[in-house]
$ cat model.cif   # mmCIF, C-alpha atoms
data_input
#
loop_
_atom_site.group_PDB
_atom_site.id
_atom_site.type_symbol
_atom_site.label_atom_id
_atom_site.label_comp_id
_atom_site.auth_asym_id
_atom_site.auth_seq_id
_atom_site.Cartn_x
_atom_site.Cartn_y
_atom_site.Cartn_z
ATOM 1 C CA MET A 1 -13.143 -18.654 12.626
ATOM 2 C CA GLN A 2 -13.800 -16.098 9.901
ATOM 3 C CA ARG A 3 -11.021 -14.116 8.195
ATOM 4 C CA ILE A 4 -11.662 -10.691 6.657
ATOM 5 C CA ARG A 5 -9.251 -8.884 4.348
ATOM 6 C CA LEU A 6 -9.280 -5.092 4.274
ATOM 7 C CA ARG A 7 -7.825 -2.409 2.036
ATOM 8 C CA TYR A 8 -7.140 0.929 3.702
ATOM 9 C CA THR A 9 -5.558 4.260 2.815
ATOM 10 C CA LYS A 10 -3.056 6.744 4.262
ATOM 11 C CA ARG A 11 -4.029 10.193 3.024
ATOM 12 C CA GLY A 12 -3.123 13.790 3.726
ATOM 13 C CA ARG A 13 -1.152 14.465 6.885
ATOM 14 C CA LEU A 14 -1.677 10.896 8.071
ATOM 15 C CA ARG A 15 0.847 9.702 5.495
ATOM 16 C CA PHE A 16 3.378 10.646 8.187
ATOM 17 C CA THR A 17 2.035 8.026 10.599
ATOM 18 C CA SER A 18 4.393 5.124 11.160
ATOM 19 C CA HIS A 19 3.253 1.531 10.820
ATOM 20 C CA ARG A 20 3.281 1.209 14.612
ATOM 21 C CA ASP A 21 1.092 4.321 14.908
ATOM 22 C CA PHE A 22 -1.395 2.751 12.526
ATOM 23 C CA GLN A 23 -1.375 -0.522 14.446
ATOM 24 C CA ARG A 24 -2.329 1.296 17.644
ATOM 25 C CA ALA A 25 -5.061 3.305 15.904
ATOM 26 C CA PHE A 26 -6.460 0.191 14.238
ATOM 27 C CA GLU A 27 -6.588 -1.814 17.464
ATOM 28 C CA ARG A 28 -8.485 1.064 19.109
ATOM 29 C CA ALA A 29 -10.895 1.052 16.155
ATOM 30 C CA LEU A 30 -11.463 -2.676 16.608
ATOM 31 C CA ARG A 31 -12.462 -2.086 20.227
ATOM 32 C CA ARG A 32 -14.720 0.881 19.392
ATOM 33 C CA ALA A 33 -16.467 -1.097 16.671
ATOM 34 C CA GLU A 34 -16.848 -4.069 19.063
ATOM 35 C CA VAL A 35 -15.379 -6.462 16.525
ATOM 36 C CA PRO A 36 -15.348 -10.067 17.868
ATOM 37 C CA MET A 37 -11.618 -10.537 17.398
ATOM 38 C CA ALA A 38 -9.746 -13.794 17.773
ATOM 39 C CA TYR A 39 -6.695 -13.470 20.024
ATOM 40 C CA SER A 40 -3.307 -15.136 20.128
ATOM 41 C CA ALA A 41 -2.427 -17.500 22.969
ATOM 42 C CA GLY A 42 0.160 -16.856 25.669
ATOM 43 C CA PHE A 43 0.697 -14.469 28.572
ATOM 44 C CA THR A 44 0.055 -11.316 26.471
ATOM 45 C CA PRO A 45 -2.688 -12.136 23.970
ATOM 46 C CA HIS A 46 -2.959 -9.855 20.937
ATOM 47 C CA PRO A 47 -5.745 -9.542 18.381
ATOM 48 C CA LYS A 48 -5.015 -11.654 15.309
ATOM 49 C CA VAL A 49 -4.173 -9.020 12.701
ATOM 50 C CA SER A 50 -1.793 -9.732 9.817
ATOM 51 C CA TYR A 51 -0.311 -6.692 8.062
ATOM 52 C CA ALA A 52 1.109 -7.011 4.558
ATOM 53 C CA ASN A 53 3.881 -4.882 3.049
ATOM 54 C CA ALA A 54 3.161 -1.538 4.714
ATOM 55 C CA ALA A 55 4.204 1.644 2.907
ATOM 56 C CA PRO A 56 7.175 3.600 4.320
ATOM 57 C CA THR A 57 6.489 6.418 6.777
ATOM 58 C CA GLY A 58 5.933 9.690 4.939
ATOM 59 C CA THR A 59 4.378 8.174 1.840
ATOM 60 C CA GLY A 60 0.674 8.218 1.087
ATOM 61 C CA SER A 61 -1.164 5.127 -0.051
ATOM 62 C CA GLU A 62 -4.427 4.087 -1.631
ATOM 63 C CA ALA A 63 -3.653 0.397 -1.318
ATOM 64 C CA GLU A 64 -2.601 -0.952 2.085
ATOM 65 C CA TYR A 65 -3.793 -4.414 3.115
ATOM 66 C CA LEU A 66 -4.371 -6.400 6.274
ATOM 67 C CA GLU A 67 -6.275 -9.463 7.452
ATOM 68 C CA ILE A 68 -8.167 -9.990 10.695
ATOM 69 C CA ALA A 69 -9.501 -13.162 12.314
ATOM 70 C CA LEU A 70 -12.938 -13.169 13.995
ATOM 71 C CA THR A 71 -14.536 -15.549 16.455
ATOM 72 C CA GLU A 72 -17.998 -14.777 15.038
ATOM 73 C CA ALA A 73 -18.985 -14.232 11.417
ATOM 74 C CA ARG A 74 -19.714 -10.694 10.248
ATOM 75 C CA ASP A 75 -20.796 -9.135 6.974
ATOM 76 C CA PRO A 76 -17.589 -7.693 5.429
ATOM 77 C CA GLU A 77 -19.199 -4.476 4.162
ATOM 78 C CA LYS A 78 -20.937 -3.701 7.465
ATOM 79 C CA LEU A 79 -17.679 -4.377 9.282
ATOM 80 C CA ARG A 80 -15.828 -2.085 6.874
ATOM 81 C CA LEU A 81 -18.237 0.773 7.576
ATOM 82 C CA LEU A 82 -17.917 0.344 11.346
ATOM 83 C CA LEU A 83 -14.129 0.336 11.217
ATOM 84 C CA ASP A 84 -14.005 3.278 8.819
ATOM 85 C CA GLU A 85 -16.158 5.334 11.188
ATOM 86 C CA SER A 86 -13.867 4.398 14.088
ATOM 87 C CA LEU A 87 -10.648 5.546 12.398
ATOM 88 C CA PRO A 88 -9.507 9.155 11.872
ATOM 89 C CA ALA A 89 -10.104 10.750 8.469
ATOM 90 C CA GLY A 90 -7.208 9.862 6.213
ATOM 91 C CA LEU A 91 -6.973 6.312 7.536
ATOM 92 C CA ASP A 92 -9.945 5.064 5.540
ATOM 93 C CA VAL A 93 -11.080 1.455 5.139
ATOM 94 C CA VAL A 94 -12.210 1.333 1.513
ATOM 95 C CA ASP A 95 -12.684 -2.369 0.741
ATOM 96 C CA ALA A 96 -13.420 -5.596 2.607
ATOM 97 C CA VAL A 97 -13.839 -9.205 1.533
ATOM 98 C CA GLU A 98 -14.087 -12.529 3.317
ATOM 99 C CA ALA A 99 -10.862 -14.489 2.868
ATOM 100 C CA ARG A 100 -11.720 -17.499 0.717
ATOM 101 C CA THR A 101 -8.260 -18.139 -0.708
ATOM 102 C CA SER A 102 -4.795 -18.410 0.804
ATOM 103 C CA GLY A 103 -1.684 -16.316 0.408
ATOM 104 C CA LEU A 104 -2.664 -12.644 0.400
ATOM 105 C CA ALA A 105 0.957 -11.608 1.031
ATOM 106 C CA ASP A 106 2.078 -13.778 -1.897
ATOM 107 C CA ARG A 107 -0.176 -11.723 -4.195
ATOM 108 C CA LEU A 108 1.550 -8.451 -3.303
ATOM 109 C CA THR A 109 4.458 -8.669 -5.725
ATOM 110 C CA ALA A 110 4.488 -5.166 -7.254
ATOM 111 C CA SER A 111 3.374 -1.592 -6.564
ATOM 112 C CA VAL A 112 2.282 1.384 -8.634
ATOM 113 C CA TRP A 113 3.601 4.692 -7.278
ATOM 114 C CA GLU A 114 2.997 8.332 -8.139
ATOM 115 C CA LEU A 115 5.817 10.810 -7.491
ATOM 116 C CA ARG A 116 4.973 14.527 -7.592
ATOM 117 C CA LEU A 117 8.089 16.640 -8.047
ATOM 118 C CA ASP A 118 7.281 20.259 -7.237
ATOM 119 C CA GLY A 119 9.689 22.737 -8.782
ATOM 120 C CA VAL A 120 10.753 20.357 -11.566
ATOM 121 C CA GLU A 121 9.963 21.115 -15.199
ATOM 122 C CA PRO A 122 8.221 18.189 -16.970
ATOM 123 C CA ALA A 123 10.758 18.326 -19.814
ATOM 124 C CA GLU A 124 13.614 17.964 -17.335
ATOM 125 C CA ALA A 125 11.876 14.987 -15.741
ATOM 126 C CA GLU A 126 11.340 13.380 -19.156
ATOM 127 C CA ARG A 127 15.056 13.568 -19.937
ATOM 128 C CA ALA A 128 15.925 12.019 -16.581
ATOM 129 C CA VAL A 129 13.362 9.228 -17.013
ATOM 130 C CA ALA A 130 14.727 8.444 -20.480
ATOM 131 C CA ALA A 131 18.253 8.188 -19.079
ATOM 132 C CA PHE A 132 17.114 5.934 -16.230
ATOM 133 C CA ASN A 133 15.166 3.628 -18.549
ATOM 134 C CA ALA A 134 18.105 3.396 -20.967
ATOM 135 C CA ALA A 135 20.542 2.336 -18.249
ATOM 136 C CA GLU A 136 21.282 -1.349 -17.775
ATOM 137 C CA ALA A 137 21.915 -0.797 -14.060
ATOM 138 C CA VAL A 138 21.611 2.181 -11.709
ATOM 139 C CA GLU A 139 23.541 1.765 -8.475
ATOM 140 C CA VAL A 140 22.306 3.698 -5.456
ATOM 141 C CA GLN A 141 23.211 3.690 -1.782
ATOM 142 C CA ARG A 142 21.022 3.461 1.279
ATOM 143 C CA THR A 143 22.010 3.732 4.913
ATOM 144 C CA THR A 144 20.805 0.741 6.934
ATOM 145 C CA LYS A 145 21.325 -0.358 10.525
ATOM 146 C CA ASN A 146 24.266 -2.427 9.265
ATOM 147 C CA GLY A 147 25.868 0.478 7.428
ATOM 148 C CA VAL A 148 25.731 1.831 3.870
ATOM 149 C CA ARG A 149 24.410 -0.633 1.294
ATOM 150 C CA THR A 150 24.843 -0.335 -2.480
ATOM 151 C CA PHE A 151 22.342 -2.001 -4.825
ATOM 152 C CA ASP A 152 20.823 -1.747 -8.294
ATOM 153 C CA ALA A 153 17.629 0.323 -8.375
ATOM 154 C CA ARG A 154 17.024 -0.286 -12.080
ATOM 155 C CA ALA A 155 16.410 -4.044 -12.120
ATOM 156 C CA ALA A 156 13.216 -3.896 -10.015
ATOM 157 C CA VAL A 157 11.618 -1.100 -12.062
ATOM 158 C CA VAL A 158 9.147 -2.500 -14.581
ATOM 159 C CA HIS A 159 7.887 0.840 -15.853
ATOM 160 C CA LEU A 160 8.755 4.503 -15.291
ATOM 161 C CA GLU A 161 7.231 7.403 -17.203
ATOM 162 C CA THR A 162 6.183 11.018 -16.843
ATOM 163 C CA HIS A 163 2.468 11.596 -16.404
ATOM 164 C CA ASN A 164 0.689 14.719 -17.629
ATOM 165 C CA GLU A 165 -1.646 16.047 -14.950
ATOM 166 C CA THR A 166 -1.744 19.823 -14.613
ATOM 167 C CA ALA A 167 -5.381 20.656 -13.876
ATOM 168 C CA ASP A 168 -4.823 21.010 -10.138
ATOM 169 C CA ARG A 169 -1.508 22.869 -10.365
ATOM 170 C CA PRO A 170 -0.987 26.652 -10.556
ATOM 171 C CA THR A 171 0.187 27.655 -14.038
ATOM 172 C CA ASP A 172 3.325 29.433 -12.753
ATOM 173 C CA GLN A 173 4.483 26.495 -10.602
ATOM 174 C CA PRO A 174 6.394 23.748 -12.460
ATOM 175 C CA CYS A 175 5.570 20.245 -11.351
ATOM 176 C CA ALA A 176 6.591 16.932 -12.881
ATOM 177 C CA ILE A 177 4.584 13.815 -12.110
ATOM 178 C CA LEU A 178 6.076 10.349 -12.492
ATOM 179 C CA ARG A 179 4.335 6.977 -12.527
ATOM 180 C CA LEU A 180 6.395 4.027 -11.388
ATOM 181 C CA VAL A 181 5.738 0.272 -11.364
ATOM 182 C CA VAL A 182 8.268 -1.587 -9.229
ATOM 183 C CA ARG A 183 8.555 -5.234 -8.274
ATOM 184 C CA HIS A 184 8.827 -6.191 -4.608
ATOM 185 C CA VAL A 185 12.319 -7.663 -4.457
ATOM 186 C CA THR A 186 15.056 -8.081 -1.864
ATOM 187 C CA PRO A 187 16.480 -5.628 -1.054
ATOM 188 C CA ALA A 188 13.307 -3.620 -1.549
ATOM 189 C CA VAL A 189 13.540 -0.817 -4.097
ATOM 190 C CA ARG A 190 11.542 2.148 -2.809
ATOM 191 C CA PRO A 191 10.461 5.322 -4.603
ATOM 192 C CA ASP A 192 13.210 7.317 -2.886
ATOM 193 C CA ASP A 193 15.752 4.842 -4.289
ATOM 194 C CA VAL A 194 14.439 5.543 -7.789
ATOM 195 C CA LEU A 195 14.734 9.270 -7.109
ATOM 196 C CA SER A 196 18.349 8.683 -6.054
ATOM 197 C CA GLY A 197 18.835 6.794 -9.313
ATOM 198 C CA LEU A 198 17.409 9.689 -11.338
ATOM 199 C CA ARG A 199 19.854 11.989 -9.637
ATOM 200 C CA ALA A 200 22.731 9.607 -10.358
ATOM 201 C CA VAL A 201 22.022 9.205 -14.083
ATOM 202 C CA ALA A 202 20.650 12.667 -14.936
ATOM 203 C CA ASP A 203 21.393 14.969 -11.995
ATOM 204 C CA LEU A 204 17.666 15.390 -11.326
ATOM 205 C CA ALA A 205 17.398 17.018 -7.889
ATOM 206 C CA PRO A 206 13.923 18.318 -6.900
ATOM 207 C CA PRO A 207 14.170 21.490 -4.750
ATOM 208 C CA VAL A 208 11.617 20.071 -2.266
ATOM 209 C CA ALA A 209 10.845 16.561 -1.086
ATOM 210 C CA ALA A 210 8.751 14.518 -3.499
ATOM 211 C CA ALA A 211 5.144 13.754 -2.578
ATOM 212 C CA VAL A 212 4.890 9.986 -2.975
ATOM 213 C CA THR A 213 1.664 7.955 -3.087
ATOM 214 C CA ARG A 214 1.153 4.243 -3.634
ATOM 215 C CA LEU A 215 -1.760 3.907 -6.048
ATOM 216 C CA ALA A 216 -1.989 0.108 -6.148
ATOM 217 C CA GLN A 217 -0.236 -3.092 -5.199
ATOM 218 C CA GLY A 218 -0.847 -6.673 -6.172
ATOM 219 C CA LEU A 219 0.297 -9.310 -8.637
ATOM 220 C CA PHE A 220 2.130 -8.033 -11.695
ATOM 221 C CA ASP A 221 0.513 -9.313 -14.893
ATOM 222 C CA GLU A 222 3.324 -9.948 -17.381
ATOM 223 C CA GLU A 223 0.977 -9.974 -20.390
ATOM 224 C CA THR A 224 -0.799 -6.670 -19.727
ATOM 225 C CA GLY A 225 1.934 -4.927 -17.740
ATOM 226 C CA THR A 226 -0.575 -4.022 -15.015
ATOM 227 C CA VAL A 227 -0.799 -4.615 -11.270
ATOM 228 C CA THR A 228 -3.938 -6.609 -10.465
ATOM 229 C CA ASP A 229 -6.314 -6.363 -7.495
ATOM 230 C CA PRO A 230 -5.125 -8.826 -4.803
ATOM 231 C CA LEU A 231 -8.640 -9.161 -3.370
ATOM 232 C CA ALA A 232 -10.163 -10.214 -6.710
ATOM 233 C CA PRO A 233 -9.597 -13.985 -6.140
ATOM 234 C CA ASP A 234 -11.590 -13.784 -2.874
ATOM 235 C CA ARG A 235 -14.459 -11.958 -4.597
ATOM 236 C CA GLU A 236 -14.455 -14.507 -7.417
ATOM 237 C CA ALA A 237 -14.490 -17.382 -4.934
ATOM 238 C CA ALA A 238 -17.404 -15.760 -3.090
ATOM 239 C CA THR A 239 -19.523 -15.647 -6.269
ATOM 240 C CA ALA A 240 -18.594 -19.219 -7.170
ATOM 241 C CA LEU A 241 -19.583 -20.681 -3.794
ATOM 242 C CA PRO A 242 -22.825 -20.358 -1.810
ATOM 243 C CA THR A 243 -22.486 -17.781 0.963
ATOM 244 C CA ALA A 244 -23.844 -18.545 4.395
ATOM 245 C CA ASP A 245 -25.877 -15.898 6.220
ATOM 246 C CA PRO A 246 -23.428 -14.307 8.729
ATOM 247 C CA ALA A 247 -26.183 -13.887 11.339
ATOM 248 C CA ALA A 248 -27.191 -17.540 11.048
ATOM 249 C CA THR A 249 -23.576 -18.626 11.238
ATOM 250 C CA ALA A 250 -23.052 -16.593 14.388
ATOM 251 C CA LYS A 251 -26.047 -18.273 16.092
ATOM 252 C CA ALA A 252 -25.203 -21.794 15.028
ATOM 253 C CA PRO A 253 -24.202 -24.089 17.907
ATOM 254 C CA ALA A 254 -20.522 -25.010 18.182
#

$ encode --input "model.cif" --output "structure tokens"
Amino acid sequence: MQRIRLRYTKRGRLRFTSHRDFQRAFERALRRAEVPMAYSAGFTPHPKVSYANAAPTGTGSEAEYLEIALTEARDPEKLRLLLDESLPAGLDVVDAVEARTSGLADRLTASVWELRLDGVEPAEAERAVAAFNAAEAVEVQRTTKNGVRTFDARAAVVHLETHNETADRPTDQPCAILRLVVRHVTPAVRPDDVLSGLRAVADLAPPVAAAVTRLAQGLFDEETGTVTDPLAPDREAATALPTADPAATAKAPA
């Protein structure tokens, strides 16, 4: 059995697709691309697809990950192209590697987010960010199925800063852009929780909903302060070990 790990995106209007919507679209793409999927046992077999830490509905993402199990070996890049062609534009498969290491989910410990705040002056955002970073704790509330929960949004935030990027914005329209690095903790601290924290400490209230995009997710490197590529260990293992020809593997007798 071969395992392939994929990175895919949620762009444009498709950021509003739920995780369940994506699951249905991806399973249709698997059938269109005639991928030789392995299936679970039982009365209602399902294709073996493992999803890892999906972004919330309404947020865009450049770094979503999943793993599929195949009954026949395939070239990861050719498979990526077939699946990308079978998915709607905006749900794009942008990377694929053969799984040669364990624990993909364990390597998704932090995310980098971009928050675009239309209608907010950059100077106002800078003051709010400074207040948030200076706080020892920032309590926010979130409504859950078990009621309202209060938790600290500050502890999970590794880095928060304003980011200057005005080339694609009209000159008469204020827009503040924030970059956020947050650890994946329990309870999860999401970008909207950080926005609630900015409102709590500095009364920052964007007039329209923030446009939120996940730029990366992976292991947080304490020395460099960066989030590393979670597929890099599989690529490194592939170069260190001899790679069998997928076509030959597929024809080999059981």

$ resolve_selection --input "model.cif" --expression "the PyMOL selection byres ((chain A and resi 234-240) around 12)" --output "ChimeraX atom specification"
/A:3-6,76,95-104,107,229-233,241-244

$ closest_residue --input "model.cif" --among "A:Ser196, A:Arg179, A:Val189, A:Ala38" --to "Ala216 of chain A" --atoms "only C-alpha atoms"
A:Arg179

$ residues_around --input "model.cif" --residues "Glu124 of chain A" --least-positions-apart "5" --cutoff "9 Å" --atoms "only C-alpha atoms" --output "ChimeraX atom specification"
/A:129,176,204

$ resolve_selection --input "model.cif" --expression "the PyMOL selection byres ((chain A and resi 16) around 10)" --output "ChimeraX atom specification"
/A:10-15,17-19,21,56-60

$ closest_residue --input "model.cif" --among "A:Ala73, A:Leu81, A:Val138, A:Ala123" --to "Pro174 of chain A" --atoms "all atoms listed in the file"
A:Ala123

$ closest_residue --input "model.cif" --among "A:Val140, A:Thr162, A:Phe151, A:Thr224" --to "Arg199 of chain A" --atoms "all atoms listed in the file"
A:Val140

$ atom_distance --input "model.cif" --atom1 "atom CA of Pro207 of chain A" --atom2 "atom CA of Cys175 of chain A"
10.9 Å

$ resolve_selection --input "model.cif" --expression "the PyMOL selection byres ((chain A and resi 156) around 9)" --output "PyMOL selection string"
chain A and resi 152-155+157-158+181-185+188-189

$ residues_around --input "model.cif" --residues "Pro88 of chain A" --least-positions-apart "6" --cutoff "10 Å" --atoms "all atoms listed in the file" --output "PyMOL selection string"
chain A and resi 14+25-26+29

$ atom_distance --input "model.cif" --atom1 "atom CA of Arg7 of chain A" --atom2 "atom CA of Glu161 of chain A"
26.3 Å

$ atom_distance --input "model.cif" --atom1 "atom CA of His159 of chain A" --atom2 "atom CA of Thr213 of chain A"
15.9 Å

$ build_atoms --input "model.cif" --residues "segment 57-75 of chain A" --atoms "N, CA and C atoms" --output "PDB file, keeping the file's coordinate frame"
ATOM      1  N   THR A  57       6.969   5.201   6.127  1.00  0.00           N
ATOM      2  CA  THR A  57       6.489   6.418   6.777  1.00  0.00           C
ATOM      3  C   THR A  57       6.771   7.626   5.883  1.00  0.00           C
ATOM      4  N   GLY A  58       5.775   8.495   5.759  1.00  0.00           N
ATOM      5  CA  GLY A  58       5.933   9.690   4.939  1.00  0.00           C
ATOM      6  C   GLY A  58       5.370   9.567   3.551  1.00  0.00           C
ATOM      7  N   THR A  59       4.988   8.363   3.150  1.00  0.00           N
ATOM      8  CA  THR A  59       4.378   8.174   1.840  1.00  0.00           C
ATOM      9  C   THR A  59       2.885   7.935   2.007  1.00  0.00           C
ATOM     10  N   GLY A  60       2.101   8.484   1.086  1.00  0.00           N
ATOM     11  CA  GLY A  60       0.674   8.218   1.087  1.00  0.00           C
ATOM     12  C   GLY A  60       0.393   6.882   0.418  1.00  0.00           C
ATOM     13  N   SER A  61      -0.819   6.400   0.578  1.00  0.00           N
ATOM     14  CA  SER A  61      -1.164   5.127  -0.051  1.00  0.00           C
ATOM     15  C   SER A  61      -2.672   5.003  -0.229  1.00  0.00           C
ATOM     16  N   GLU A  62      -3.042   4.447  -1.358  1.00  0.00           N
ATOM     17  CA  GLU A  62      -4.427   4.087  -1.631  1.00  0.00           C
ATOM     18  C   GLU A  62      -4.615   2.583  -1.563  1.00  0.00           C
ATOM     19  N   ALA A  63      -3.574   1.856  -1.223  1.00  0.00           N
ATOM     20  CA  ALA A  63      -3.653   0.397  -1.318  1.00  0.00           C
ATOM     21  C   ALA A  63      -2.781  -0.277  -0.268  1.00  0.00           C
ATOM     22  N   GLU A  64      -3.214  -0.193   0.997  1.00  0.00           N
ATOM     23  CA  GLU A  64      -2.601  -0.952   2.085  1.00  0.00           C
ATOM     24  C   GLU A  64      -3.538  -2.101   2.451  1.00  0.00           C
ATOM     25  N   TYR A  65      -2.971  -3.224   2.874  1.00  0.00           N
ATOM     26  CA  TYR A  65      -3.793  -4.414   3.115  1.00  0.00           C
ATOM     27  C   TYR A  65      -3.490  -5.039   4.471  1.00  0.00           C
ATOM     28  N   LEU A  66      -4.529  -5.625   5.053  1.00  0.00           N
ATOM     29  CA  LEU A  66      -4.371  -6.400   6.274  1.00  0.00           C
ATOM     30  C   LEU A  66      -5.473  -7.445   6.337  1.00  0.00           C
ATOM     31  N   GLU A  67      -5.286  -8.396   7.265  1.00  0.00           N
ATOM     32  CA  GLU A  67      -6.275  -9.463   7.452  1.00  0.00           C
ATOM     33  C   GLU A  67      -6.538  -9.625   8.941  1.00  0.00           C
ATOM     34  N   ILE A  68      -7.802  -9.776   9.297  1.00  0.00           N
ATOM     35  CA  ILE A  68      -8.167  -9.990  10.695  1.00  0.00           C
ATOM     36  C   ILE A  68      -8.917 -11.318  10.833  1.00  0.00           C
ATOM     37  N   ALA A  69      -8.812 -11.905  12.016  1.00  0.00           N
ATOM     38  CA  ALA A  69      -9.501 -13.162  12.314  1.00  0.00           C
ATOM     39  C   ALA A  69     -10.582 -12.902  13.362  1.00  0.00           C
ATOM     40  N   LEU A  70     -11.800 -13.398  13.109  1.00  0.00           N
ATOM     41  CA  LEU A  70     -12.938 -13.169  13.995  1.00  0.00           C
ATOM     42  C   LEU A  70     -13.415 -14.478  14.602  1.00  0.00           C
ATOM     43  N   THR A  71     -13.961 -14.372  15.810  1.00  0.00           N
ATOM     44  CA  THR A  71     -14.536 -15.549  16.455  1.00  0.00           C
ATOM     45  C   THR A  71     -15.996 -15.738  16.056  1.00  0.00           C
ATOM     46  N   GLU A  72     -16.618 -14.700  15.522  1.00  0.00           N
ATOM     47  CA  GLU A  72     -17.998 -14.777  15.038  1.00  0.00           C
ATOM     48  C   GLU A  72     -18.059 -14.166  13.637  1.00  0.00           C
ATOM     49  N   ALA A  73     -18.895 -14.712  12.796  1.00  0.00           N
ATOM     50  CA  ALA A  73     -18.985 -14.232  11.417  1.00  0.00           C
ATOM     51  C   ALA A  73     -19.661 -12.866  11.355  1.00  0.00           C
ATOM     52  N   ARG A  74     -19.157 -12.024  10.480  1.00  0.00           N
ATOM     53  CA  ARG A  74     -19.714 -10.694  10.248  1.00  0.00           C
ATOM     54  C   ARG A  74     -19.779 -10.411   8.754  1.00  0.00           C
ATOM     55  N   ASP A  75     -20.718  -9.566   8.362  1.00  0.00           N
ATOM     56  CA  ASP A  75     -20.796  -9.135   6.974  1.00  0.00           C
ATOM     57  C   ASP A  75     -19.612  -8.209   6.687  1.00  0.00           C
TER      58      ASP A  75
END
